[in-house]
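Colleague: Supplied structure: structure-v7.cif, mmCIF, C-alpha atoms.
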data_model
#
loop_
_atom_site.label_atom_id
_atom_site.label_comp_id
_atom_site.auth_asym_id
_atom_site.auth_seq_id
_atom_site.Cartn_x
_atom_site.Cartn_y
_atom_site.Cartn_z
CA MET A 300 -92.62 140.56 -93.14
CA ALA A 301 -89.82 138.05 -93.35
CA GLY A 302 -87.36 139.77 -95.71
CA VAL A 303 -85.11 142.47 -94.27
CA LEU A 304 -85.34 146.03 -95.61
CA TYR A 305 -81.95 147.76 -95.71
CA VAL A 306 -82.16 151.54 -96.10
CA ILE A 307 -78.87 153.05 -97.31
CA SER A 308 -78.72 156.81 -97.08
CA GLY A 309 -76.30 159.73 -96.98
CA PRO A 310 -75.44 162.96 -98.77
CA SER A 311 -75.25 163.24 -102.57
CA GLY A 312 -71.81 162.35 -103.87
CA VAL A 313 -70.79 160.27 -100.86
CA GLY A 314 -70.52 157.10 -102.96
CA LYS A 315 -73.73 155.22 -102.07
CA THR A 316 -74.25 153.90 -105.61
CA SER A 317 -70.70 152.52 -106.01
CA ILE A 318 -70.85 150.83 -102.60
CA ILE A 319 -74.23 149.25 -103.33
CA ASP A 320 -73.07 148.08 -106.79
CA GLY A 321 -70.14 146.31 -105.11
CA VAL A 322 -72.35 144.76 -102.44
CA MET A 323 -74.88 143.44 -104.98
CA LYS A 324 -72.08 141.39 -106.59
CA LYS A 325 -71.12 139.81 -103.24
CA VAL A 326 -74.45 139.21 -101.51
CA LYS A 327 -76.90 136.76 -103.04
CA ASN A 328 -80.27 137.00 -101.33
CA VAL A 329 -80.80 140.73 -101.80
CA VAL A 330 -82.57 142.76 -104.49
CA PHE A 331 -82.20 146.46 -105.24
CA SER A 332 -85.29 148.63 -105.25
CA VAL A 333 -85.20 150.95 -108.28
CA SER A 334 -86.57 154.41 -107.43
CA CYS A 335 -88.61 156.71 -109.64
CA THR A 336 -87.28 160.21 -110.32
CA THR A 337 -88.02 163.30 -112.36
CA ARG A 338 -84.29 164.17 -112.46
CA PRO A 339 -82.72 164.02 -115.94
CA LYS A 340 -80.84 160.83 -116.76
CA ARG A 341 -77.02 161.08 -116.51
CA PRO A 342 -75.01 159.70 -119.45
CA ASN A 343 -73.95 156.48 -117.67
CA GLU A 344 -77.40 155.71 -116.28
CA VAL A 345 -79.91 153.19 -117.62
CA ASP A 346 -83.69 153.62 -117.28
CA GLY A 347 -85.14 150.80 -115.17
CA ARG A 348 -81.76 149.84 -113.74
CA ASP A 349 -80.57 153.02 -112.01
CA TYR A 350 -83.95 154.76 -111.84
CA PHE A 351 -87.31 154.78 -113.52
CA PHE A 352 -87.09 158.18 -115.21
CA VAL A 353 -90.57 159.72 -115.35
CA ASP A 354 -91.97 163.20 -115.98
CA GLU A 355 -93.42 165.31 -113.20
CA ARG A 356 -97.03 164.67 -114.25
CA THR A 357 -96.56 160.91 -114.06
CA PHE A 358 -94.78 161.21 -110.70
CA LYS A 359 -97.58 163.30 -109.19
CA CYS A 360 -100.17 160.88 -110.49
CA MET A 361 -98.31 158.03 -108.77
CA MET A 362 -98.21 160.10 -105.58
CA GLU A 363 -101.98 160.55 -105.70
CA GLN A 364 -102.44 156.80 -106.17
CA ASP A 365 -100.32 156.25 -103.00
CA GLU A 366 -97.84 154.22 -105.02
CA PHE A 367 -94.78 155.36 -103.04
CA LEU A 368 -93.44 153.97 -99.78
CA GLU A 369 -91.69 157.34 -99.46
CA TRP A 370 -91.08 160.28 -101.73
CA ALA A 371 -89.13 163.48 -101.38
CA VAL A 372 -88.06 166.53 -103.33
CA VAL A 373 -84.27 166.65 -103.41
CA HIS A 374 -82.40 169.49 -105.08
CA GLY A 375 -85.57 170.39 -107.00
CA TYR A 376 -86.41 166.93 -108.34
CA TYR A 377 -88.86 164.28 -107.14
CA TYR A 378 -87.63 160.88 -105.97
CA GLY A 379 -89.86 158.04 -104.81
CA THR A 380 -89.71 154.36 -103.82
CA PRO A 381 -92.38 152.18 -105.47
CA ARG A 382 -94.24 150.62 -102.54
CA LYS A 383 -95.62 147.49 -104.21
CA PHE A 384 -92.26 146.07 -105.34
CA VAL A 385 -90.72 146.44 -101.87
CA GLU A 386 -93.70 144.96 -100.05
CA GLU A 387 -93.94 141.95 -102.34
CA GLN A 388 -90.26 141.12 -102.06
CA LEU A 389 -90.28 141.33 -98.27
CA LYS A 390 -93.42 139.19 -98.11
CA ASN A 391 -91.61 136.56 -100.21
CA ASN A 392 -88.63 136.52 -97.78
CA VAL A 393 -86.44 138.47 -100.17
CA ASN A 394 -84.23 141.14 -98.63
CA VAL A 395 -84.42 144.57 -100.25
CA ILE A 396 -81.89 147.43 -100.49
CA LEU A 397 -83.15 151.01 -100.80
CA ASP A 398 -80.74 153.77 -101.88
CA ILE A 399 -82.58 156.89 -100.79
CA ASP A 400 -81.93 160.41 -99.56
CA VAL A 401 -81.93 161.26 -95.86
CA GLN A 402 -85.44 162.79 -95.89
CA GLY A 403 -86.79 159.61 -97.48
CA ALA A 404 -85.00 157.46 -94.91
CA MET A 405 -86.74 159.44 -92.13
CA THR A 406 -90.11 158.66 -93.69
CA VAL A 407 -89.31 154.94 -93.91
CA MET A 408 -88.21 155.00 -90.22
CA LYS A 409 -91.77 155.92 -89.30
CA LYS A 410 -93.38 153.35 -91.60
CA VAL A 411 -91.23 150.21 -91.41
CA LYS A 412 -90.39 149.37 -87.82
CA ASP A 413 -87.87 146.59 -88.34
CA ALA A 414 -85.93 148.05 -91.27
CA VAL A 415 -82.17 148.51 -90.95
CA PHE A 416 -80.91 152.08 -91.42
CA ILE A 417 -77.35 152.66 -92.61
CA PHE A 418 -75.80 156.08 -93.09
CA ILE A 419 -72.86 156.55 -95.47
CA ALA A 420 -70.74 159.57 -94.50
CA PRO A 421 -67.81 161.20 -96.28
CA PRO A 422 -64.41 161.12 -94.52
CA SER A 423 -64.62 164.92 -94.39
CA PHE A 424 -66.57 167.78 -95.81
CA GLU A 425 -63.63 168.75 -98.04
CA GLU A 426 -63.60 165.26 -99.51
CA LEU A 427 -67.33 165.43 -100.28
CA LYS A 428 -66.73 168.67 -102.15
CA ARG A 429 -63.89 167.12 -104.16
CA ARG A 430 -66.07 164.13 -105.08
CA LEU A 431 -68.95 166.30 -106.24
CA MET A 432 -66.54 168.39 -108.35
CA ARG A 433 -64.97 165.27 -109.83
CA ARG A 434 -68.41 163.95 -110.80
CA GLY A 435 -68.70 167.11 -112.89
CA THR A 436 -72.44 166.75 -113.46
CA GLU A 437 -73.27 169.68 -111.23
CA ARG A 438 -73.47 173.35 -111.91
CA GLN A 439 -71.60 175.43 -109.34
CA GLU A 440 -74.78 176.65 -107.67
CA ASP A 441 -76.28 173.13 -107.53
CA MET A 442 -73.13 171.92 -105.89
CA MET A 443 -73.23 174.60 -103.21
CA LYS A 444 -76.85 173.61 -102.54
CA ARG A 445 -75.88 169.94 -102.18
CA LEU A 446 -73.09 170.79 -99.76
CA GLU A 447 -75.42 172.90 -97.65
CA ASP A 448 -77.97 170.08 -97.57
CA ALA A 449 -75.20 167.64 -96.64
CA LYS A 450 -74.50 169.60 -93.45
CA LYS A 451 -78.11 169.17 -92.33
CA GLU A 452 -78.13 165.53 -93.38
CA LEU A 453 -75.06 164.69 -91.30
CA GLU A 454 -76.94 165.95 -88.24
CA GLN A 455 -79.41 163.09 -88.70
CA ILE A 456 -76.72 160.40 -88.27
CA PRO A 457 -77.68 159.55 -84.66
CA LYS A 458 -81.12 158.43 -85.88
CA PHE A 459 -79.52 155.68 -87.97
CA GLN A 460 -78.34 152.31 -86.67
CA TYR A 461 -75.09 151.95 -88.59
CA LEU A 462 -72.50 154.42 -89.87
CA ILE A 463 -70.01 153.71 -92.63
CA VAL A 464 -67.39 156.40 -93.22
CA ASN A 465 -66.54 155.91 -96.88
CA VAL A 466 -62.75 156.31 -96.92
CA ASP A 467 -61.94 153.35 -99.15
CA LEU A 468 -64.54 151.93 -101.57
CA GLN A 469 -63.56 148.28 -101.11
CA GLU A 470 -63.56 148.58 -97.33
CA SER A 471 -66.99 150.23 -97.41
CA ILE A 472 -68.30 147.41 -99.62
CA ASP A 473 -66.99 144.84 -97.11
CA GLN A 474 -68.51 146.78 -94.24
CA LEU A 475 -71.96 147.08 -95.81
CA THR A 476 -71.80 143.37 -96.72
CA SER A 477 -71.03 142.54 -93.08
CA ILE A 478 -73.99 144.59 -91.86
CA ILE A 479 -76.32 142.83 -94.30
CA VAL A 480 -75.08 139.37 -93.28
CA ALA A 481 -75.09 140.16 -89.54
CA GLU A 482 -78.63 141.54 -89.51
CA GLN A 483 -79.90 138.27 -90.98
CA LEU A 484 -78.29 136.47 -88.03
CA LYS A 485 -80.33 138.38 -85.43
CA VAL A 486 -81.91 135.70 -83.24
CA GLU A 487 -85.52 136.61 -83.95
CA ARG A 488 -84.91 136.60 -87.72
CA VAL A 489 -83.16 133.21 -87.71
CA ILE A 490 -85.94 131.71 -85.61
CA GLU A 491 -88.57 133.19 -87.93
CA ARG A 492 -86.71 131.84 -90.97
CA LEU A 493 -85.97 128.34 -89.71
CA GLY A 494 -88.94 127.87 -87.40
CA SER A 495 -88.29 127.29 -83.72
CA HIS A 496 -89.00 123.52 -83.98
CA LYS A 497 -85.93 123.20 -86.21
CA ILE A 498 -83.65 124.80 -83.60
CA PHE A 499 -85.07 123.51 -80.34
CA SER A 500 -85.98 119.98 -81.40
CA ASP A 501 -83.79 117.13 -80.20
CA GLY A 502 -84.26 115.02 -83.30
CA GLY A 503 -87.03 112.92 -81.84
CA ASP A 504 -85.00 111.27 -79.03
CA SER A 505 -87.31 112.21 -76.24
CA GLN A 506 -90.30 114.12 -77.47
CA MET S 272 -65.80 151.27 -72.17
CA ALA S 273 -64.82 151.77 -75.77
CA GLY S 274 -63.89 148.24 -76.87
CA VAL S 275 -66.68 145.83 -77.74
CA LEU S 276 -67.13 142.64 -75.70
CA TYR S 277 -68.29 139.71 -77.84
CA VAL S 278 -69.66 136.79 -75.84
CA ILE S 279 -69.73 133.57 -77.87
CA SER S 280 -71.69 130.78 -76.28
CA GLY S 281 -73.46 127.51 -77.03
CA PRO S 282 -73.49 123.84 -76.04
CA SER S 283 -70.31 121.78 -75.63
CA GLY S 284 -69.21 120.24 -78.90
CA VAL S 285 -70.99 122.72 -81.14
CA GLY S 286 -67.73 124.01 -82.62
CA LYS S 287 -67.21 127.32 -80.79
CA THR S 288 -63.45 126.91 -80.53
CA SER S 289 -62.91 126.10 -84.23
CA ILE S 290 -65.09 129.03 -85.31
CA ILE S 291 -63.28 131.46 -83.00
CA ASP S 292 -59.86 130.18 -84.15
CA GLY S 293 -60.89 130.93 -87.75
CA VAL S 294 -62.23 134.37 -86.86
CA MET S 295 -59.06 135.36 -84.96
CA LYS S 296 -57.07 134.84 -88.19
CA LYS S 297 -59.40 137.15 -90.15
CA VAL S 298 -60.19 139.96 -87.72
CA LYS S 299 -57.39 142.22 -86.54
CA ASN S 300 -58.60 144.41 -83.68
CA VAL S 301 -59.85 141.62 -81.42
CA VAL S 302 -58.18 139.66 -78.61
CA PHE S 303 -59.29 136.38 -77.10
CA SER S 304 -59.90 136.18 -73.36
CA VAL S 305 -58.34 132.98 -72.00
CA SER S 306 -60.51 131.42 -69.28
CA CYS S 307 -59.38 129.61 -66.14
CA THR S 308 -60.57 126.06 -65.58
CA THR S 309 -60.11 123.12 -63.25
CA ARG S 310 -60.91 120.67 -66.07
CA PRO S 311 -57.97 118.44 -67.10
CA LYS S 312 -56.02 119.58 -70.16
CA ARG S 313 -56.86 117.72 -73.40
CA PRO S 314 -53.90 116.45 -75.45
CA ASN S 315 -54.12 119.20 -78.11
CA GLU S 316 -54.53 122.04 -75.63
CA VAL S 317 -51.87 124.48 -74.46
CA ASP S 318 -51.87 126.08 -70.99
CA GLY S 319 -52.23 129.87 -71.30
CA ARG S 320 -53.47 129.67 -74.88
CA ASP S 321 -56.62 127.53 -74.63
CA TYR S 322 -57.12 127.86 -70.88
CA PHE S 323 -55.23 128.66 -67.73
CA PHE S 324 -55.36 125.21 -66.11
CA VAL S 325 -55.50 125.61 -62.33
CA ASP S 326 -56.37 123.37 -59.39
CA GLU S 327 -59.60 123.76 -57.47
CA ARG S 328 -57.93 125.43 -54.51
CA THR S 329 -56.40 128.13 -56.70
CA PHE S 330 -59.71 128.63 -58.49
CA LYS S 331 -61.65 129.07 -55.27
CA CYS S 332 -59.06 131.49 -53.97
CA MET S 333 -59.49 133.57 -57.16
CA MET S 334 -63.26 133.45 -56.64
CA GLU S 335 -62.86 134.82 -53.15
CA GLN S 336 -60.67 137.63 -54.45
CA ASP S 337 -63.45 138.53 -56.92
CA GLU S 338 -61.08 137.96 -59.81
CA PHE S 339 -63.73 136.58 -62.18
CA LEU S 340 -66.12 138.50 -64.42
CA GLU S 341 -68.17 135.32 -64.38
CA TRP S 342 -67.62 131.77 -63.26
CA ALA S 343 -69.67 128.61 -63.49
CA VAL S 344 -69.50 124.91 -62.78
CA VAL S 345 -69.99 123.03 -66.02
CA HIS S 346 -70.06 119.23 -66.10
CA GLY S 347 -68.39 119.14 -62.70
CA TYR S 348 -65.51 121.53 -63.44
CA TYR S 349 -65.03 125.20 -62.66
CA TYR S 350 -64.66 127.74 -65.48
CA GLY S 351 -64.09 131.46 -65.02
CA THR S 352 -63.25 134.60 -67.00
CA PRO S 353 -60.45 136.73 -65.49
CA ARG S 354 -62.04 140.12 -64.95
CA LYS S 355 -58.95 142.34 -65.01
CA PHE S 356 -57.73 141.31 -68.47
CA VAL S 357 -61.14 141.93 -70.05
CA GLU S 358 -61.67 145.29 -68.35
CA GLU S 359 -58.22 146.59 -69.29
CA GLN S 360 -58.56 145.62 -72.94
CA LEU S 361 -61.99 147.24 -73.26
CA LYS S 362 -60.72 150.39 -71.57
CA ASN S 363 -57.89 150.55 -74.12
CA ASN S 364 -60.38 150.32 -77.04
CA VAL S 365 -59.48 146.71 -77.75
CA ASN S 366 -62.36 144.39 -78.62
CA VAL S 367 -62.51 141.14 -76.65
CA ILE S 368 -63.94 137.72 -77.49
CA LEU S 369 -65.18 135.46 -74.67
CA ASP S 370 -65.82 131.78 -75.35
CA ILE S 371 -67.99 130.78 -72.40
CA ASP S 372 -70.77 128.40 -71.47
CA VAL S 373 -74.40 129.48 -71.51
CA GLN S 374 -74.64 129.96 -67.72
CA GLY S 375 -71.60 132.24 -67.83
CA ALA S 376 -73.10 134.23 -70.72
CA MET S 377 -76.22 134.84 -68.62
CA THR S 378 -74.06 136.28 -65.84
CA VAL S 379 -72.25 138.61 -68.26
CA MET S 380 -75.65 139.74 -69.64
CA LYS S 381 -76.44 141.14 -66.21
CA LYS S 382 -73.02 142.75 -65.72
CA VAL S 383 -71.99 144.20 -69.09
CA LYS S 384 -74.87 146.09 -70.66
CA ASP S 385 -73.47 146.78 -74.11
CA ALA S 386 -71.79 143.43 -74.76
CA VAL S 387 -72.77 141.47 -77.88
CA PHE S 388 -74.18 137.99 -77.25
CA ILE S 389 -73.86 135.35 -79.94
CA PHE S 390 -75.22 131.82 -79.64
CA ILE S 391 -73.74 128.99 -81.72
CA ALA S 392 -76.26 126.19 -82.25
CA PRO S 393 -75.82 122.77 -83.84
CA PRO S 394 -77.78 122.07 -87.05
CA SER S 395 -79.63 119.39 -85.09
CA PHE S 396 -79.45 117.46 -81.89
CA GLU S 397 -78.34 114.32 -83.73
CA GLU S 398 -75.44 116.24 -85.24
CA LEU S 399 -74.35 117.49 -81.80
CA LYS S 400 -74.30 113.91 -80.56
CA ARG S 401 -72.18 112.83 -83.55
CA ARG S 402 -69.71 115.65 -82.92
CA LEU S 403 -69.32 114.82 -79.24
CA MET S 404 -68.76 111.14 -80.12
CA ARG S 405 -66.21 112.07 -82.77
CA ARG S 406 -64.31 114.21 -80.25
CA GLY S 407 -63.91 110.98 -78.27
CA THR S 408 -62.76 112.73 -75.09
CA GLU S 409 -65.98 111.95 -73.26
CA ARG S 410 -67.04 108.96 -71.27
CA GLN S 411 -70.50 107.73 -72.27
CA GLU S 412 -72.13 109.12 -69.12
CA ASP S 413 -70.40 112.52 -69.47
CA MET S 414 -71.70 112.70 -73.01
CA MET S 415 -75.28 112.00 -71.96
CA LYS S 416 -74.94 114.75 -69.36
CA ARG S 417 -73.66 117.21 -71.96
CA LEU S 418 -76.54 116.39 -74.29
CA GLU S 419 -79.08 116.89 -71.53
CA ASP S 420 -77.50 120.23 -70.62
CA ALA S 421 -77.55 121.20 -74.31
CA LYS S 422 -81.35 120.89 -74.38
CA LYS S 423 -81.68 123.40 -71.58
CA GLU S 424 -79.05 125.67 -73.13
CA LEU S 425 -80.88 125.82 -76.46
CA GLU S 426 -83.92 127.19 -74.60
CA GLN S 427 -81.86 130.28 -73.72
CA ILE S 428 -81.34 131.25 -77.39
CA PRO S 429 -83.99 134.00 -77.37
CA LYS S 430 -81.95 135.89 -74.74
CA PHE S 431 -79.06 136.24 -77.18
CA GLN S 432 -78.79 138.83 -79.97
CA TYR S 433 -77.34 136.69 -82.75
CA LEU S 434 -77.70 133.04 -83.70
CA ILE S 435 -75.28 131.12 -85.89
CA VAL S 436 -76.35 127.61 -86.84
CA ASN S 437 -73.02 125.86 -87.37
CA VAL S 438 -73.67 123.79 -90.49
CA ASP S 439 -70.44 124.60 -92.31
CA LEU S 440 -67.33 125.75 -90.43
CA GLN S 441 -66.16 128.24 -93.06
CA GLU S 442 -69.62 129.79 -93.37
CA SER S 443 -69.87 130.10 -89.59
CA ILE S 444 -66.45 131.80 -89.49
CA ASP S 445 -67.63 134.29 -92.14
CA GLN S 446 -70.86 134.90 -90.25
CA LEU S 447 -69.16 135.54 -86.90
CA THR S 448 -66.67 137.82 -88.67
CA SER S 449 -69.57 139.80 -90.16
CA ILE S 450 -71.22 140.19 -86.76
CA ILE S 451 -67.94 141.46 -85.26
CA VAL S 452 -67.41 143.96 -88.08
CA ALA S 453 -71.04 145.12 -88.14
CA GLU S 454 -71.26 145.74 -84.40
CA GLN S 455 -68.28 148.10 -84.63
CA LEU S 456 -70.24 150.09 -87.24
CA LYS S 457 -73.14 150.80 -84.88
CA VAL S 458 -73.61 154.57 -84.99
CA GLU S 459 -72.95 155.23 -81.31
CA ARG S 460 -69.72 153.20 -81.40
CA VAL S 461 -68.37 154.95 -84.53
CA ILE S 462 -69.15 158.35 -83.03
CA GLU S 463 -67.47 157.36 -79.76
CA ARG S 464 -64.42 156.07 -81.68
CA LEU S 465 -63.98 158.96 -84.10
CA GLY S 466 -65.40 161.76 -81.98
CA SER S 467 -68.42 163.62 -83.25
CA HIS S 468 -66.37 166.66 -84.36
CA LYS S 469 -64.68 164.44 -86.95
CA ILE S 470 -67.98 163.40 -88.51
CA PHE S 471 -70.06 166.53 -88.23
CA SER S 472 -67.35 169.09 -88.95
CA ASP S 473 -67.33 170.79 -92.32
CA GLY S 474 -63.55 171.06 -92.52
CA GLY S 475 -63.45 174.61 -91.22
CA ASP S 476 -65.34 176.24 -94.11
CA SER S 477 -67.93 177.93 -92.01
CA GLN S 478 -67.46 177.24 -88.33
#
Show how you would write the structure in this file as C-alpha cells.

Modeller:
Amino acid sequence: MAGVLYVISGPSGVGKTSIIDGVMKKVKNVVFSVSCTTRPKRPNEVDGRDYFFVDERTFKCMMEQDEFLEWAVVHGYYYGTPRKFVEEQLKNNVNVILDIDVQGAMTVMKKVKDAVFIFIAPPSFEELKRRLMRRGTERQEDMMKRLEDAKKELEQIPKFQYLIVNVDLQESIDQLTSIIVAEQLKVERVIERLGSHKIFSDGGDSQ
Amino acid sequence: MAGVLYVISGPSGVGKTSIIDGVMKKVKNVVFSVSCTTRPKRPNEVDGRDYFFVDERTFKCMMEQDEFLEWAVVHGYYYGTPRKFVEEQLKNNVNVILDIDVQGAMTVMKKVKDAVFIFIAPPSFEELKRRLMRRGTERQEDMMKRLEDAKKELEQIPKFQYLIVNVDLQESIDQLTSIIVAEQLKVERVIERLGSHKIFSDGGDSQ
C-alpha cells in the first residue's frame, strides 16, 4: 500500500478532534476517515462529517459483514472504522488519518504493519478533568468512567511511535503536521513514490 | 545521550548548506557542529562559522589525538567532526546538526546508534551538474570527480532514514524542519525528556 495510514489516538477529551481539524487545513495530501458510531450525535456534530451515526442493529450487521478495519466498545457505545474506504485510499496513494480510541489503535497495530501511531496525551490528569468538565456533554458518572479509562490508556503510550503532549492547540497542530510530513520523507516511502530509477539515474550520461 | 544528533548528508553541490542555514533560523533547540577541514576557504566563508580551516599537519595531529567523531578525505581534502563539542551538546540535551559527506555519515552510523540520518538528493543528475557549474568554484576536472563520487553516494541512500529531494529550497527547508521536530516527538525521546512520572501521573488523585 503506497498511502500512509496515520492513527491518532488518546483519551477522550484530550483534544484529538481539534488538532486533526487544524492539521487537515494545513496538509494537502491527506483524507480523514469518518468512523461509524452508535453514540448519540452532539449538537455541533454533522452526520457523515464527524461520524456516520448508526443504530446498534446496523452496526452489528456491519460487524458481521466484516466491514470494519477495527471496532471497539467505548464508554458503552460502538465505534468502528469502515475498512473499504481506508483500503481504497491507501491503494490510490492517498494518506489517511484515523481518529480512534486506544483499544482500536491496538487492533490496527496488529493489522497494518506500516501504519504510523501517534498518541495525544493531556499535560496532566487534572487538565484532562477540566477539559471534560468544560465540554459539559458528560454526566458526572460518565466523566468518572472516562477518567478511569484514561489512566489505563496512558499506560499504552510506549506502544505508540510518537507522543504529542497537548499543552497548546496550535503547537500540537504544528507537531502533528511535522510528523505527517516527516513520515512521507522516510527513504523507503520516497523511493516507492518516485521509483528508484528517478533517484539513482544519472540523466542518461553513462547508462 | 538526551539530545538528538541529526546527520545531514548528500553529494557536493546538492544544497545542504543552504537548507541547513534556513532550518537554523526556524528551529530553536538545535546547534550546528562546525567541521574542521584542510580545504581552502571560499570567498563567502567564515573561519569558525562555516568550518575551522586548519592545515594538514594540525588535522593529522587532531586525528592522532582521537579528536574526531568521524573524518574523511573528500576530493583530496580532509574533513572531520570535532567529537568533544558534539558529545557535550548531546549530554546537555541540546540537539546537534552535522553537515557531513556520505563517507562520514557511514562512520557515524556505526558509532552513534540513535542518530537520525537524512540524505539530500538532487532532483536529477543533470541538475547537480548545473548547480556545481553555477557555483563556479570548481575546476573542470574537480567537477567531473565530484559528479563521479555523487553516483556512488546516491547508491548509499537506502542506508539513510529520510530522503529529501531538493527541488525547491524553501520546501526542503520545511521538510528538514519537519523531520527535526518529528524525531523529537518519538515516544521514547518524549518520555526521556519529560520523565515518565510527568506523563503517567494522575496529578495525585489516587496514588

Colleague: Could you list, as a ChimeraX atom specification, every residue within 10 Å of Val385 in chain A, counting only C-alpha atoms and ignoring same-chain residues fewer than 5 positions away?

Modeller: /A:302,304,330-333,367-368,380,390,393-397

Colleague: If we count all atoms listed in the file and set the cut-off at 10 Å, which residues sit around Val294 in chain S, ignoring sequence neighbours fewer than 6 positions away in its own chain? Please answer as an MDAnalysis selection string.

Modeller: chainID S and resid 288 301 441 443:449 451

Colleague: For the provided coordinates, the residues matched by the PyMOL selection byres ((chain S) within 7 of (chain A)) should be stated as a VMD selection string.

Modeller: chain S and resid 395 to 397 425 to 426 429 431 to 435 446 449 to 450 452 to 453 456 to 458 461 470 to 471 473 to 474

Colleague: With the PyMOL selection byres ((chain A and resi 313) around 7) as the selection, what would be picked from this file? Answer as a list in words, please.

Modeller: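 Going through the file, the PyMOL selection byres ((chain A and resi 313) around 7) ends up selecting Gly309, Pro310, Ser311, Gly312, Gly314, Lys315, Ile419, Ala420, Pro421 and Leu427 of chain A.
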
Colleague: Could you tell me which residues the PyMOL selection byres ((chain A and resi 407) around 10) grabs in this file, written as number ranges by chain?

Modeller: A: 304, 306, 368-370, 380, 399, 401-406, 408-412, 414, 416

Colleague: Excluding Asp413 in chain S and residues on its chain fewer than 5 positions from it, collect all residues at most 12 Å away from it, counting only C-alpha atoms, and give them as a PyMOL selection string.

Modeller: chain S and resi 283+345-348+400+403-404+407-408+418-420

Colleague: Do you know which residues are at most 9 Å from range 318-322 of chain S counting only C-alpha atoms, after dropping those on the same chain fewer than 4 positions away, and could you put them as a PyMOL selection string?

Modeller: chain S and resi 305-308+312

Colleague: Could you work out an axis-aligned box for range 451-464 of chain A, taking every atom the file lists and adding 3 Å on each side, and report centre and edge lengths in Å to one decimal, as JSON?

Modeller:
{"center_x": -74.3, "center_y": 160.6, "center_z": -89.0, "size_x": 19.7, "size_y": 23.2, "size_z": 14.7}

Colleague: In Å, how far is it from CA of Asn391 in chain A to CA of Phe358 in chain A?

Modeller: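 Between these atoms lies a distance of 27.0 Å.
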
Colleague: Distance CA of Asp370 in chain S-CA of Gln336 in chain S, one decimal place?

Modeller: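 Computing it gives 22.3 Å between the two atoms.
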
Colleague: Could you check the closest approach to Thr337 in chain A for each of A:Arg438, A:Arg445, A:Arg430, A:Arg356 and tell me which residue wins, using all atoms listed in the file?

Modeller: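 For Thr337 in chain A, the nearest of the given residues is A:Arg356.
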
Colleague: At what distance in Å, to one decimal, does CA of Asp372 in chain S lie from CA of Lys416 in chain S?

Modeller: 14.4 Å

Colleague: N, CA and C atoms for range 302-313 of chain A, written as a PDB file, in the coordinates of the input, could you do that?

Modeller:
ATOM      1  N   GLY A 302     -88.588 139.220 -95.138  1.00  0.00           N
ATOM      2  CA  GLY A 302     -87.360 139.770 -95.710  1.00  0.00           C
ATOM      3  C   GLY A 302     -86.907 140.966 -94.878  1.00  0.00           C
ATOM      4  N   VAL A 303     -85.638 141.313 -95.007  1.00  0.00           N
ATOM      5  CA  VAL A 303     -85.110 142.470 -94.270  1.00  0.00           C
ATOM      6  C   VAL A 303     -85.005 143.643 -95.243  1.00  0.00           C
ATOM      7  N   LEU A 304     -85.452 144.820 -94.801  1.00  0.00           N
ATOM      8  CA  LEU A 304     -85.340 146.030 -95.610  1.00  0.00           C
ATOM      9  C   LEU A 304     -84.117 146.827 -95.135  1.00  0.00           C
ATOM     10  N   TYR A 305     -83.162 146.999 -96.019  1.00  0.00           N
ATOM     11  CA  TYR A 305     -81.950 147.760 -95.710  1.00  0.00           C
ATOM     12  C   TYR A 305     -82.052 149.132 -96.367  1.00  0.00           C
ATOM     13  N   VAL A 306     -82.043 150.184 -95.572  1.00  0.00           N
ATOM     14  CA  VAL A 306     -82.160 151.540 -96.100  1.00  0.00           C
ATOM     15  C   VAL A 306     -80.789 152.208 -96.043  1.00  0.00           C
ATOM     16  N   ILE A 307     -80.214 152.450 -97.225  1.00  0.00           N
ATOM     17  CA  ILE A 307     -78.870 153.050 -97.310  1.00  0.00           C
ATOM     18  C   ILE A 307     -79.060 154.516 -97.660  1.00  0.00           C
ATOM     19  N   SER A 308     -78.497 155.391 -96.849  1.00  0.00           N
ATOM     20  CA  SER A 308     -78.720 156.810 -97.080  1.00  0.00           C
ATOM     21  C   SER A 308     -77.446 157.601 -96.798  1.00  0.00           C
ATOM     22  N   GLY A 309     -77.469 158.876 -97.172  1.00  0.00           N
ATOM     23  CA  GLY A 309     -76.300 159.730 -96.980  1.00  0.00           C
ATOM     24  C   GLY A 309     -76.318 160.848 -98.011  1.00  0.00           C
ATOM     25  N   PRO A 310     -75.437 161.810 -97.858  1.00  0.00           N
ATOM     26  CA  PRO A 310     -75.440 162.960 -98.770  1.00  0.00           C
ATOM     27  C   PRO A 310     -75.142 162.571-100.219  1.00  0.00           C
ATOM     28  N   SER A 311     -75.601 163.393-101.157  1.00  0.00           N
ATOM     29  CA  SER A 311     -75.250 163.240-102.570  1.00  0.00           C
ATOM     30  C   SER A 311     -73.736 163.241-102.722  1.00  0.00           C
ATOM     31  N   GLY A 312     -73.229 162.332-103.545  1.00  0.00           N
ATOM     32  CA  GLY A 312     -71.810 162.350-103.870  1.00  0.00           C
ATOM     33  C   GLY A 312     -70.953 161.574-102.899  1.00  0.00           C
ATOM     34  N   VAL A 313     -71.572 160.948-101.897  1.00  0.00           N
ATOM     35  CA  VAL A 313     -70.790 160.270-100.860  1.00  0.00           C
ATOM     36  C   VAL A 313     -70.308 158.894-101.334  1.00  0.00           C
TER      37      VAL A 313
END
